[in-house]
>>> print(open('final_35.cif').read())   # mmCIF, C-alpha atoms
data_target
#
loop_
_atom_site.group_PDB
_atom_site.id
_atom_site.type_symbol
_atom_site.label_atom_id
_atom_site.label_comp_id
_atom_site.auth_asym_id
_atom_site.auth_seq_id
_atom_site.Cartn_x
_atom_site.Cartn_y
_atom_site.Cartn_z
ATOM 1 C CA MET U 1 0.596 -130.598 18.964
ATOM 2 C CA GLU U 2 -1.198 -128.612 21.660
ATOM 3 C CA ALA U 3 1.810 -128.957 23.978
ATOM 4 C CA THR U 4 4.101 -127.727 21.199
ATOM 5 C CA LEU U 5 1.867 -124.702 20.636
ATOM 6 C CA PHE U 6 1.852 -123.973 24.358
ATOM 7 C CA TRP U 7 5.644 -123.914 24.613
ATOM 8 C CA ILE U 8 5.876 -121.865 21.434
ATOM 9 C CA GLY U 9 3.532 -119.350 23.019
ATOM 10 C CA CYS U 10 5.608 -119.288 26.188
ATOM 11 C CA GLY U 11 8.757 -118.745 24.147
ATOM 12 C CA LEU U 12 7.164 -115.860 22.255
ATOM 13 C CA GLY U 13 6.013 -114.315 25.515
ATOM 14 C CA ALA U 14 9.514 -114.514 26.999
ATOM 15 C CA TYR U 15 11.025 -112.993 23.866
ATOM 16 C CA GLY U 16 8.474 -110.178 23.987
ATOM 17 C CA VAL U 17 9.420 -109.407 27.588
ATOM 18 C CA VAL U 18 13.108 -109.276 26.621
ATOM 19 C CA LEU U 19 12.389 -106.883 23.738
ATOM 20 C CA ARG U 20 10.275 -104.643 25.965
ATOM 21 C CA GLN U 21 13.124 -104.352 28.436
ATOM 22 C CA ILE U 22 15.581 -103.542 25.657
ATOM 23 C CA PHE U 23 13.366 -100.776 24.271
ATOM 24 C CA LYS U 24 13.351 -99.201 27.748
ATOM 25 C CA ARG U 25 17.135 -98.877 27.631
ATOM 26 C CA ASP U 26 18.401 -96.538 24.923
ATOM 27 C CA SER U 27 21.982 -97.476 25.710
ATOM 28 C CA TRP U 28 21.295 -101.034 24.530
ATOM 29 C CA LEU U 29 19.663 -99.888 21.298
ATOM 30 C CA GLU U 30 22.605 -97.644 20.549
ATOM 31 C CA LYS U 31 24.786 -100.728 20.346
ATOM 32 C CA LYS U 32 24.226 -101.754 16.743
ATOM 33 C CA ALA U 33 25.099 -105.362 17.469
ATOM 34 C CA VAL U 34 22.141 -105.834 19.849
ATOM 35 C CA PRO U 35 19.304 -105.256 17.319
ATOM 36 C CA VAL U 36 21.201 -107.224 14.673
ATOM 37 C CA ILE U 37 21.762 -110.262 16.882
ATOM 38 C CA LEU U 38 18.220 -110.257 18.291
ATOM 39 C CA HIS U 39 16.604 -109.901 14.866
ATOM 40 C CA LEU U 40 18.678 -112.708 13.393
ATOM 41 C CA LEU U 41 17.972 -114.950 16.382
ATOM 42 C CA PHE U 42 14.274 -114.240 15.993
ATOM 43 C CA MET U 43 14.270 -114.954 12.251
ATOM 44 C CA GLY U 44 16.283 -118.140 12.702
ATOM 45 C CA ALA U 45 13.962 -119.385 15.431
ATOM 46 C CA VAL U 46 10.844 -118.677 13.359
ATOM 47 C CA GLY U 47 12.328 -120.443 10.342
ATOM 48 C CA ALA U 48 13.344 -123.468 12.414
ATOM 49 C CA LEU U 49 9.863 -123.572 13.942
ATOM 50 C CA ILE U 50 8.190 -123.572 10.535
ATOM 51 C CA GLY U 51 10.538 -126.355 9.435
ATOM 52 C CA PHE U 52 9.744 -128.350 12.580
ATOM 53 C CA VAL U 53 5.974 -128.068 12.068
ATOM 54 C CA PHE U 54 6.335 -129.062 8.418
ATOM 55 C CA SER U 55 8.524 -132.041 9.317
ATOM 56 C CA ALA U 56 6.198 -133.180 12.099
ATOM 57 C CA SER U 57 3.237 -133.017 9.718
ATOM 58 C CA THR U 58 4.788 -134.897 6.802
ATOM 59 C CA ASP U 59 7.489 -137.239 8.122
ATOM 60 C CA LEU U 60 6.057 -140.581 9.251
ATOM 61 C CA HIS U 61 9.040 -141.103 11.544
ATOM 62 C CA GLY U 62 8.494 -137.861 13.411
ATOM 63 C CA PRO U 63 10.296 -134.543 13.138
ATOM 64 C CA SER U 64 13.704 -134.797 11.477
ATOM 65 C CA PRO U 65 16.452 -132.164 11.855
ATOM 66 C CA ARG U 66 16.885 -131.373 8.176
ATOM 67 C CA TRP U 67 13.708 -129.311 7.817
ATOM 68 C CA PRO U 68 14.221 -127.131 10.930
ATOM 69 C CA ILE U 69 17.835 -126.561 9.862
ATOM 70 C CA ALA U 70 16.802 -125.671 6.309
ATOM 71 C CA GLY U 71 14.047 -123.379 7.578
ATOM 72 C CA GLY U 72 16.387 -121.687 10.034
ATOM 73 C CA VAL U 73 19.065 -121.093 7.371
ATOM 74 C CA LEU U 74 16.574 -119.652 4.862
ATOM 75 C CA ALA U 75 15.071 -117.381 7.510
ATOM 76 C CA LEU U 76 18.539 -116.184 8.548
ATOM 77 C CA VAL U 77 19.336 -115.309 4.929
ATOM 78 C CA TRP U 78 16.097 -113.363 4.703
ATOM 79 C CA GLY U 79 16.910 -111.619 7.979
ATOM 80 C CA ILE U 80 20.320 -110.591 6.638
ATOM 81 C CA ILE U 81 18.688 -109.239 3.470
ATOM 82 C CA GLN U 82 16.318 -107.188 5.631
ATOM 83 C CA LEU U 83 19.215 -105.793 7.658
ATOM 84 C CA VAL U 84 21.176 -104.837 4.546
ATOM 85 C CA SER U 85 18.171 -103.181 2.879
ATOM 86 C CA ASN U 86 17.385 -101.175 6.044
ATOM 87 C CA LYS U 87 20.985 -100.220 6.760
ATOM 88 C CA SER U 88 20.737 -96.857 5.004
ATOM 89 C CA LYS U 89 17.473 -95.902 6.712
ATOM 90 C CA PRO U 90 17.423 -93.955 9.992
ATOM 91 C CA ASP U 91 16.884 -96.352 12.869
ATOM 92 C CA GLY U 92 16.496 -99.135 10.289
ATOM 93 C CA GLN U 93 17.716 -101.927 12.565
ATOM 94 C CA THR U 94 15.649 -100.666 15.481
ATOM 95 C CA SER U 95 12.534 -100.542 13.298
ATOM 96 C CA LEU U 96 13.066 -104.203 12.375
ATOM 97 C CA LEU U 97 13.225 -105.042 16.064
ATOM 98 C CA ALA U 98 10.048 -103.063 16.658
ATOM 99 C CA GLY U 99 8.396 -105.051 13.892
ATOM 100 C CA ASP U 100 9.500 -108.295 15.587
ATOM 101 C CA LEU U 101 7.955 -107.096 18.860
ATOM 102 C CA GLU U 102 4.676 -106.214 17.168
ATOM 103 C CA TRP U 103 4.524 -109.641 15.544
ATOM 104 C CA VAL U 104 5.297 -111.368 18.840
ATOM 105 C CA GLU U 105 2.638 -109.477 20.780
ATOM 106 C CA THR U 106 0.050 -110.157 18.075
ATOM 107 C CA SER U 107 0.819 -113.886 17.930
ATOM 108 C CA PHE U 108 1.460 -114.583 21.611
ATOM 109 C CA SER U 109 -2.127 -114.590 22.894
ATOM 110 C CA ALA U 110 -3.512 -116.238 19.739
ATOM 111 C CA ILE U 111 -1.106 -119.175 19.958
ATOM 112 C CA LEU U 112 -1.683 -119.686 23.686
ATOM 113 C CA LEU U 113 -5.449 -119.555 23.180
ATOM 114 C CA ALA U 114 -5.209 -122.079 20.343
ATOM 115 C CA SER U 115 -3.162 -124.430 22.537
ATOM 116 C CA VAL U 116 -5.716 -124.209 25.363
ATOM 117 C CA ILE U 117 -8.608 -124.886 22.966
ATOM 118 C CA MET U 118 -6.802 -127.866 21.438
ATOM 119 C CA TYR U 119 -5.866 -129.258 24.859
ATOM 120 C CA ALA U 120 -9.182 -128.847 26.647
ATOM 121 C CA ILE U 121 -12.074 -128.199 24.268
ATOM 122 C CA LEU U 122 -11.899 -129.143 20.613
ATOM 123 C CA GLN U 123 -9.300 -130.599 18.263
ATOM 124 C CA ALA U 124 -9.278 -131.464 14.577
ATOM 125 C CA PHE U 125 -8.244 -134.978 13.600
ATOM 126 C CA LYS U 126 -7.626 -136.673 10.251
ATOM 127 C CA ILE U 127 -8.243 -140.382 9.714
ATOM 128 C CA PRO U 128 -4.859 -141.904 8.749
ATOM 129 C CA SER U 129 -5.807 -145.529 8.104
ATOM 130 C CA GLY U 130 -8.656 -147.833 7.186
ATOM 131 C CA SER U 131 -9.078 -149.425 10.627
ATOM 132 C CA MET U 132 -12.426 -147.670 11.223
ATOM 133 C CA GLU U 133 -13.985 -148.438 7.838
ATOM 134 C CA ASP U 134 -16.797 -148.170 6.946
ATOM 135 C CA THR U 135 -17.730 -145.761 9.752
ATOM 136 C CA LEU U 136 -14.776 -143.488 8.996
ATOM 137 C CA LEU U 137 -12.725 -143.470 5.814
ATOM 138 C CA ILE U 138 -9.096 -142.571 5.146
ATOM 139 C CA GLY U 139 -8.863 -138.801 4.755
ATOM 140 C CA ASP U 140 -12.002 -137.957 6.734
ATOM 141 C CA HIS U 141 -11.531 -134.822 8.839
ATOM 142 C CA LEU U 142 -13.360 -134.704 12.141
ATOM 143 C CA PHE U 143 -13.655 -132.751 15.357
ATOM 144 C CA VAL U 144 -12.833 -134.379 18.691
ATOM 145 C CA ASN U 145 -14.784 -133.319 21.783
ATOM 146 C CA LYS U 146 -12.035 -133.094 24.420
ATOM 147 C CA PHE U 147 -13.949 -131.776 27.431
ATOM 148 C CA ILE U 148 -16.738 -134.351 27.667
ATOM 149 C CA TYR U 149 -14.546 -136.897 29.491
ATOM 150 C CA GLY U 150 -12.851 -134.224 31.593
ATOM 151 C CA ILE U 151 -9.748 -132.088 31.225
ATOM 152 C CA ARG U 152 -6.562 -133.911 32.180
ATOM 153 C CA ILE U 153 -4.318 -131.936 34.508
ATOM 154 C CA PRO U 154 -0.906 -131.672 32.778
ATOM 155 C CA PHE U 155 1.793 -134.058 34.038
ATOM 156 C CA THR U 156 -0.797 -136.057 36.046
ATOM 157 C CA ASP U 157 -3.391 -138.764 35.387
ATOM 158 C CA LYS U 158 -6.158 -136.745 37.087
ATOM 159 C CA ARG U 159 -9.081 -135.152 35.256
ATOM 160 C CA VAL U 160 -11.257 -132.217 36.260
ATOM 161 C CA PHE U 161 -14.649 -130.931 35.073
ATOM 162 C CA THR U 162 -15.662 -134.397 33.909
ATOM 163 C CA LEU U 163 -19.112 -134.363 32.325
ATOM 164 C CA ARG U 164 -19.354 -138.147 32.081
ATOM 165 C CA ASP U 165 -17.328 -141.299 31.580
ATOM 166 C CA VAL U 166 -16.812 -143.197 28.341
ATOM 167 C CA LYS U 167 -19.836 -145.253 27.331
ATOM 168 C CA ARG U 168 -19.488 -148.652 25.754
ATOM 169 C CA GLY U 169 -19.626 -148.344 21.981
ATOM 170 C CA GLU U 170 -18.363 -144.756 21.681
ATOM 171 C CA VAL U 171 -15.640 -143.835 19.194
ATOM 172 C CA VAL U 172 -12.690 -142.344 21.057
ATOM 173 C CA VAL U 173 -9.385 -140.703 20.168
ATOM 174 C CA PHE U 174 -6.340 -141.458 22.306
ATOM 175 C CA GLU U 175 -2.579 -141.355 22.345
ATOM 176 C CA ALA U 176 -1.266 -144.689 21.150
ATOM 177 C CA PRO U 177 0.400 -146.848 23.835
ATOM 178 C CA MET U 178 4.047 -147.540 23.110
ATOM 179 C CA ASP U 179 3.292 -151.191 22.267
ATOM 180 C CA ALA U 180 0.879 -149.979 19.574
ATOM 181 C CA ILE U 181 3.686 -148.242 17.658
ATOM 182 C CA VAL U 182 4.668 -150.880 15.111
ATOM 183 C CA SER U 183 7.898 -149.330 13.854
ATOM 184 C CA ARG U 184 10.897 -149.940 16.102
ATOM 185 C CA ASP U 185 12.498 -146.798 14.697
ATOM 186 C CA GLU U 186 9.472 -144.731 15.735
ATOM 187 C CA ARG U 187 9.486 -146.258 19.221
ATOM 188 C CA GLU U 188 13.193 -145.489 19.631
ATOM 189 C CA HIS U 189 12.601 -141.892 18.560
ATOM 190 C CA GLY U 190 9.672 -141.528 20.969
ATOM 191 C CA VAL U 191 7.212 -140.755 18.192
ATOM 192 C CA LYS U 192 3.699 -140.105 19.511
ATOM 193 C CA LYS U 193 0.612 -140.903 17.491
ATOM 194 C CA ASP U 194 -3.097 -140.494 18.004
ATOM 195 C CA PHE U 195 -5.357 -143.481 17.323
ATOM 196 C CA ILE U 196 -9.108 -143.651 16.842
ATOM 197 C CA LYS U 197 -11.070 -146.779 17.782
ATOM 198 C CA ARG U 198 -14.384 -147.857 19.262
ATOM 199 C CA ALA U 199 -14.459 -148.504 23.014
ATOM 200 C CA VAL U 200 -16.160 -151.906 23.067
ATOM 201 C CA GLY U 201 -15.157 -152.791 26.644
ATOM 202 C CA LEU U 202 -14.964 -150.849 29.898
ATOM 203 C CA ALA U 203 -13.040 -151.548 33.094
ATOM 204 C CA GLY U 204 -14.168 -154.854 34.617
ATOM 205 C CA ASP U 205 -15.693 -156.202 31.386
ATOM 206 C CA THR U 206 -14.817 -159.691 30.188
ATOM 207 C CA ILE U 207 -13.953 -159.624 26.493
ATOM 208 C CA GLU U 208 -13.842 -162.571 24.128
ATOM 209 C CA VAL U 209 -13.811 -162.981 20.364
ATOM 210 C CA LYS U 210 -15.189 -166.243 18.975
ATOM 211 C CA ASN U 211 -14.989 -166.806 15.228
ATOM 212 C CA LYS U 212 -14.849 -163.033 14.695
ATOM 213 C CA HIS U 213 -17.903 -162.344 16.879
ATOM 214 C CA LEU U 214 -17.366 -160.092 19.890
ATOM 215 C CA TYR U 215 -18.701 -161.127 23.301
ATOM 216 C CA VAL U 216 -18.811 -158.730 26.252
ATOM 217 C CA ASN U 217 -19.529 -160.345 29.617
ATOM 218 C CA GLY U 218 -20.727 -163.439 27.782
ATOM 219 C CA VAL U 219 -23.220 -161.568 25.578
ATOM 220 C CA GLU U 220 -22.695 -161.447 21.825
ATOM 221 C CA GLN U 221 -22.619 -157.878 20.500
ATOM 222 C CA THR U 222 -24.925 -157.416 17.525
ATOM 223 C CA ASP U 223 -24.394 -153.756 16.600
ATOM 224 C CA SER U 224 -24.097 -152.867 12.923
ATOM 225 C CA HIS U 225 -20.757 -151.040 12.978
ATOM 226 C CA PRO U 226 -18.229 -153.889 12.506
ATOM 227 C CA VAL U 227 -17.303 -155.020 8.993
ATOM 228 C CA TYR U 228 -15.380 -158.160 8.039
ATOM 229 C CA LYS U 229 -13.505 -157.915 4.753
ATOM 230 C CA ASP U 230 -11.662 -161.220 4.965
ATOM 231 C CA PRO U 231 -14.105 -164.099 4.322
ATOM 232 C CA PHE U 232 -11.801 -166.582 6.023
ATOM 233 C CA THR U 233 -11.984 -167.172 9.782
ATOM 234 C CA TYR U 234 -8.740 -168.260 11.415
ATOM 235 C CA PRO U 235 -8.945 -170.768 14.261
ATOM 236 C CA ALA U 236 -7.476 -170.020 17.665
ATOM 237 C CA ALA U 237 -3.716 -170.529 17.692
ATOM 238 C CA PRO U 238 -2.338 -172.774 20.467
ATOM 239 C CA LEU U 239 -0.166 -170.404 22.507
ATOM 240 C CA GLY U 240 0.672 -173.000 25.152
ATOM 241 C CA ILE U 241 0.017 -170.733 28.167
ATOM 242 C CA THR U 242 -2.434 -170.753 31.055
ATOM 243 C CA MET U 243 -5.372 -168.338 31.240
ATOM 244 C CA SER U 244 -3.655 -166.323 33.979
ATOM 245 C CA ASP U 245 -0.548 -166.013 31.795
ATOM 246 C CA TYR U 246 -2.795 -165.136 28.848
ATOM 247 C CA GLN U 247 -4.220 -162.216 30.839
ATOM 248 C CA ALA U 248 -0.754 -161.103 31.976
ATOM 249 C CA TYR U 249 0.766 -161.387 28.510
ATOM 250 C CA TRP U 250 -2.101 -159.402 27.019
ATOM 251 C CA GLN U 251 -1.926 -156.629 29.634
ATOM 252 C CA SER U 252 1.827 -156.266 29.148
ATOM 253 C CA GLY U 253 1.424 -155.810 25.370
ATOM 254 C CA ARG U 254 3.250 -159.004 24.437
ATOM 255 C CA PHE U 255 0.559 -160.003 21.917
ATOM 256 C CA ALA U 256 1.581 -157.052 19.734
ATOM 257 C CA GLU U 257 4.148 -159.343 18.114
ATOM 258 C CA LEU U 258 1.505 -161.889 17.091
ATOM 259 C CA ARG U 259 -0.239 -161.988 13.715
ATOM 260 C CA ARG U 260 -3.949 -161.539 13.137
ATOM 261 C CA GLU U 261 -4.114 -165.175 12.082
ATOM 262 C CA GLN U 262 -3.137 -166.158 15.638
ATOM 263 C CA ILE U 263 -5.505 -164.095 17.802
ATOM 264 C CA GLY U 264 -7.478 -161.749 15.547
ATOM 265 C CA ASP U 265 -10.508 -163.980 14.966
ATOM 266 C CA ASN U 266 -10.418 -165.941 18.232
ATOM 267 C CA PHE U 267 -9.232 -164.058 21.290
ATOM 268 C CA GLY U 268 -9.580 -164.216 25.067
ATOM 269 C CA PRO U 269 -11.329 -164.293 27.347
ATOM 270 C CA ILE U 270 -9.604 -161.444 29.210
ATOM 271 C CA LYS U 271 -10.762 -158.946 31.819
ATOM 272 C CA VAL U 272 -10.280 -155.233 31.204
ATOM 273 C CA PRO U 273 -8.199 -153.822 34.104
ATOM 274 C CA PRO U 274 -9.229 -150.765 36.165
ATOM 275 C CA ASN U 275 -9.012 -147.308 34.556
ATOM 276 C CA SER U 276 -8.710 -148.875 31.109
ATOM 277 C CA TYR U 277 -10.729 -149.665 27.982
ATOM 278 C CA PHE U 278 -10.773 -152.349 25.329
ATOM 279 C CA VAL U 279 -10.844 -150.673 21.919
ATOM 280 C CA MET U 280 -11.309 -152.136 18.456
ATOM 281 C CA GLY U 281 -11.524 -150.759 14.935
ATOM 282 C CA ASP U 282 -14.800 -151.230 13.084
ATOM 283 C CA ASN U 283 -12.813 -152.856 10.265
ATOM 284 C CA ARG U 284 -12.201 -155.894 12.448
ATOM 285 C CA ASP U 285 -10.006 -157.713 9.936
ATOM 286 C CA GLY U 286 -7.836 -154.645 9.322
ATOM 287 C CA SER U 287 -7.397 -153.124 12.758
ATOM 288 C CA PHE U 288 -4.367 -153.270 15.038
ATOM 289 C CA ASP U 289 -6.098 -152.747 18.367
ATOM 290 C CA SER U 290 -6.495 -153.910 21.973
ATOM 291 C CA ARG U 291 -6.513 -157.526 20.920
ATOM 292 C CA PHE U 292 -2.817 -157.140 20.201
ATOM 293 C CA TRP U 293 -1.272 -154.302 22.217
ATOM 294 C CA GLY U 294 -3.443 -154.576 25.312
ATOM 295 C CA PRO U 295 -5.713 -152.247 27.274
ATOM 296 C CA MET U 296 -5.965 -148.536 26.511
ATOM 297 C CA PRO U 297 -5.315 -146.623 29.778
ATOM 298 C CA ASN U 298 -7.629 -143.757 30.677
ATOM 299 C CA ARG U 299 -4.596 -141.470 31.032
ATOM 300 C CA LEU U 300 -4.080 -141.684 27.242
ATOM 301 C CA LEU U 301 -7.693 -140.824 26.443
ATOM 302 C CA LYS U 302 -8.038 -137.539 24.526
ATOM 303 C CA GLY U 303 -11.702 -137.243 23.684
ATOM 304 C CA LYS U 304 -14.803 -138.425 21.874
ATOM 305 C CA ALA U 305 -14.963 -138.399 18.094
ATOM 306 C CA TRP U 306 -17.771 -135.970 17.424
ATOM 307 C CA ILE U 307 -18.492 -134.924 13.838
ATOM 308 C CA VAL U 308 -17.021 -135.393 10.359
ATOM 309 C CA TYR U 309 -16.702 -131.946 8.775
ATOM 310 C CA TRP U 310 -14.783 -132.816 5.589
ATOM 311 C CA PRO U 311 -15.323 -133.852 2.836
ATOM 312 C CA LEU U 312 -18.644 -132.069 2.569
ATOM 313 C CA ASN U 313 -20.485 -135.092 1.197
ATOM 314 C CA ARG U 314 -19.590 -137.027 4.364
ATOM 315 C CA ILE U 315 -20.609 -134.511 7.025
ATOM 316 C CA LYS U 316 -22.194 -136.474 9.864
ATOM 317 C CA VAL U 317 -22.314 -137.003 13.601
ATOM 318 C CA ILE U 318 -20.168 -140.011 14.507
ATOM 319 C CA ARG U 319 -22.022 -142.850 16.222
#
>>> encode(input="final_35.cif", output="structure tokens")
Amino acid sequence: MEATLFWIGCGLGAYGVVLRQIFKRDSWLEKKAVPVILHLLFMGAVGALIGFVFSASTDLHGPSPRWPIAGGVLALVWGIIQLVSNKSKPDGQTSLLAGDLEWVETSFSAILLASVIMYAILQAFKIPSGSMEDTLLIGDHLFVNKFIYGIRIPFTDKRVFTLRDVKRGEVVVFEAPMDAIVSRDEREHGVKKDFIKRAVGLAGDTIEVKNKHLYVNGVEQTDSHPVYKDPFTYPAAPLGITMSDYQAYWQSGRFAELRREQIGDNFGPIKVPPNSYFVMGDNRDGSFDSRFWGPMPNRLLKGKAWIVYWPLNRIKVIR
């Protein structure tokens, strides 16, 4: 979303520059078609943008074209109504264009600032599933601290201004690896999702699950966060592969096609590769996590889950 806001801000800035240049040339404004076309283009673009944001927020399969098209058409109709109602006024079309410019200049800096804050400092996140129960519940709204692990330089895997690295046991938010997207339709459409899990293993750690109990470097983890809602423990499924193949299959995401009954309760051992983490949901019987789709690369890391701010009766610092 922050990238979308950034490009929206850039687009508004470019449009503002174009309008400024037009207002410096009276000969352009005297051509009635210029203000009309620019105003309608502006209204159509704003309507399509609103439709896109609505679609991206509500459609599980990602933005679909029908909402941007509908928004653009409705906005164009409204733009035409504005032009007709201002036709009899002196400089009516030019005043509409001036209003567009004022709106652009007011929104430009605010949208760019919001995109920078969301990219580098703080972002709101809503819990979409029950994989982190009972620590986090479906519908919880929380803030994500995005600068603590460093600010990722766009289009690279490098981070700057890193305060510290991820600590074992922290709840982190990250962009889901492609193998973690269950729906084939979503994968084909390049849908991006953010996941939230607990980083139970760091690079170099040996991870194993025995009868639902997590072992890190041979030591059983006894923290109180995990819950087990299925009383039955499934035995390890015979996969018929060597340990080296097991590691390779896991790293390549090939276990994503397996069921929980096969590797959910008995898994590994595997070694977390460099610049990666092993993440699991606290609801161990209801979490699709690193056991299945493999390691979570540092380049997909977005930040540390910080505080639940809604609903009010659940306000708390996330641990």
>>> resolve_selection(input="final_35.cif", expression="the PyMOL selection byres ((chain U and resi 287) around 10)", output="ChimeraX atom specification")
/U:129-133,197,260,264,280-286,288-292
>>> write_last_selection(input="final_35.cif", atoms="C-alpha atoms", output="CSV table (one decimal), in the frame of the given file")
chain,number,residue,atom,x,y,z
U,129,SER,CA,-5.8,-145.5,8.1
U,130,GLY,CA,-8.7,-147.8,7.2
U,131,SER,CA,-9.1,-149.4,10.6
U,132,MET,CA,-12.4,-147.7,11.2
U,133,GLU,CA,-14.0,-148.4,7.8
U,197,LYS,CA,-11.1,-146.8,17.8
U,260,ARG,CA,-3.9,-161.5,13.1
U,264,GLY,CA,-7.5,-161.7,15.5
U,280,MET,CA,-11.3,-152.1,18.5
U,281,GLY,CA,-11.5,-150.8,14.9
U,282,ASP,CA,-14.8,-151.2,13.1
U,283,ASN,CA,-12.8,-152.9,10.3
U,284,ARG,CA,-12.2,-155.9,12.4
U,285,ASP,CA,-10.0,-157.7,9.9
U,286,GLY,CA,-7.8,-154.6,9.3
U,288,PHE,CA,-4.4,-153.3,15.0
U,289,ASP,CA,-6.1,-152.7,18.4
U,290,SER,CA,-6.5,-153.9,22.0
U,291,ARG,CA,-6.5,-157.5,20.9
U,292,PHE,CA,-2.8,-157.1,20.2
>>> closest_residue(input="final_35.cif", among="U:Phe147, U:Trp78, U:Phe174, U:Phe108", to="U:Leu40", atoms="all atoms listed in the file")
U:Trp78
>>> resolve_selection(input="final_35.cif", expression="the PyMOL selection byres ((chain U and resi 303) around 8)", output="PyMOL selection string")
chain U and resi 144-149+172-174+301-302+304-305
>>> resolve_selection(input="final_35.cif", expression="the PyMOL selection byres ((chain U and resi 110-123) around 8)", output="ChimeraX atom specification")
/U:2-3,5-6,8-10,106-109,124-125,143-147,151-152
>>> atom_distance(input="final_35.cif", atom1="atom CA of U:Pro238", atom2="atom CA of U:Tyr215")
20.3 Å
>>> residues_around(input="final_35.cif", residues="stretch 231-233 of chain U", least_positions_apart="6", cutoff="10 Å", atoms="only C-alpha atoms", output="compact mmCIF listing (two decimals) with C-alpha atoms, in the coordinates of the input")
# COMPACT_ATOMS: atom_id res chain seq x y z
CA LYS U 210 -15.19 -166.24 18.98
CA ASN U 211 -14.99 -166.81 15.23
CA LYS U 212 -14.85 -163.03 14.70
CA GLU U 261 -4.11 -165.18 12.08
CA GLY U 264 -7.48 -161.75 15.55
CA ASP U 265 -10.51 -163.98 14.97
CA ASN U 266 -10.42 -165.94 18.23
CA ASP U 285 -10.01 -157.71 9.94
>>> atom_distance(input="final_35.cif", atom1="atom CA of U:Val317", atom2="atom CA of U:Asp223")
17.1 Å
>>> atom_distance(input="final_35.cif", atom1="atom CA of U:Pro269", atom2="atom CA of U:Val216")
9.4 Å
>>> closest_residue(input="final_35.cif", among="U:Asp134, U:Ile241, U:Gly204, U:Pro274", to="U:Lys229", atoms="only C-alpha atoms")
U:Asp134
>>> closest_residue(input="final_35.cif", among="U:Val17, U:Ile196, U:Leu76, U:Ile22", to="U:Met43", atoms="all atoms listed in the file")
U:Leu76
>>> residues_near_point(input="final_35.cif", point="(-19.9, -151.7, 25.3)", cutoff="7 Å", atoms="all atoms listed in the file", output="list in words")
Lys167, Arg168, Gly169, Ala199, Val200, Gly201 and Leu202 of chain U
>>> decode(input="final_35.cif", residues="stretch 113-117 of chain U", atoms="all heavy atoms", output="PDB file, in the first residue's frame")
ATOM      1  N   LEU U 113       4.018  12.129   2.284  1.00  0.00           N
ATOM      2  CA  LEU U 113       4.436  11.963   3.676  1.00  0.00           C
ATOM      3  C   LEU U 113       3.863  10.687   4.266  1.00  0.00           C
ATOM      4  O   LEU U 113       4.558   9.942   4.973  1.00  0.00           O
ATOM      5  CB  LEU U 113       3.992  13.176   4.495  1.00  0.00           C
ATOM      6  CG  LEU U 113       4.324  13.137   5.994  1.00  0.00           C
ATOM      7  CD1 LEU U 113       5.833  13.061   6.198  1.00  0.00           C
ATOM      8  CD2 LEU U 113       3.747  14.352   6.712  1.00  0.00           C
ATOM      9  N   ALA U 114       2.582  10.416   3.961  1.00  0.00           N
ATOM     10  CA  ALA U 114       1.953   9.189   4.465  1.00  0.00           C
ATOM     11  C   ALA U 114       2.661   7.954   3.928  1.00  0.00           C
ATOM     12  O   ALA U 114       2.868   6.965   4.659  1.00  0.00           O
ATOM     13  CB  ALA U 114       0.481   9.171   4.081  1.00  0.00           C
ATOM     14  N   SER U 115       3.061   7.983   2.648  1.00  0.00           N
ATOM     15  CA  SER U 115       3.746   6.829   2.067  1.00  0.00           C
ATOM     16  C   SER U 115       5.107   6.607   2.718  1.00  0.00           C
ATOM     17  O   SER U 115       5.509   5.462   2.969  1.00  0.00           O
ATOM     18  CB  SER U 115       3.897   7.008   0.556  1.00  0.00           C
ATOM     19  OG  SER U 115       4.811   8.046   0.248  1.00  0.00           O
ATOM     20  N   VAL U 116       5.814   7.691   3.016  1.00  0.00           N
ATOM     21  CA  VAL U 116       7.125   7.574   3.673  1.00  0.00           C
ATOM     22  C   VAL U 116       6.965   7.010   5.086  1.00  0.00           C
ATOM     23  O   VAL U 116       7.719   6.127   5.517  1.00  0.00           O
ATOM     24  CB  VAL U 116       7.836   8.940   3.721  1.00  0.00           C
ATOM     25  CG1 VAL U 116       9.078   8.869   4.595  1.00  0.00           C
ATOM     26  CG2 VAL U 116       8.219   9.384   2.315  1.00  0.00           C
ATOM     27  N   ILE U 117       5.960   7.508   5.817  1.00  0.00           N
ATOM     28  CA  ILE U 117       5.721   7.009   7.178  1.00  0.00           C
ATOM     29  C   ILE U 117       5.381   5.524   7.147  1.00  0.00           C
ATOM     30  O   ILE U 117       5.905   4.729   7.939  1.00  0.00           O
ATOM     31  CB  ILE U 117       4.593   7.818   7.844  1.00  0.00           C
ATOM     32  CG1 ILE U 117       5.065   9.251   8.131  1.00  0.00           C
ATOM     33  CG2 ILE U 117       4.142   7.147   9.140  1.00  0.00           C
ATOM     34  CD1 ILE U 117       3.980  10.157   8.658  1.00  0.00           C
TER      35      ILE U 117
END
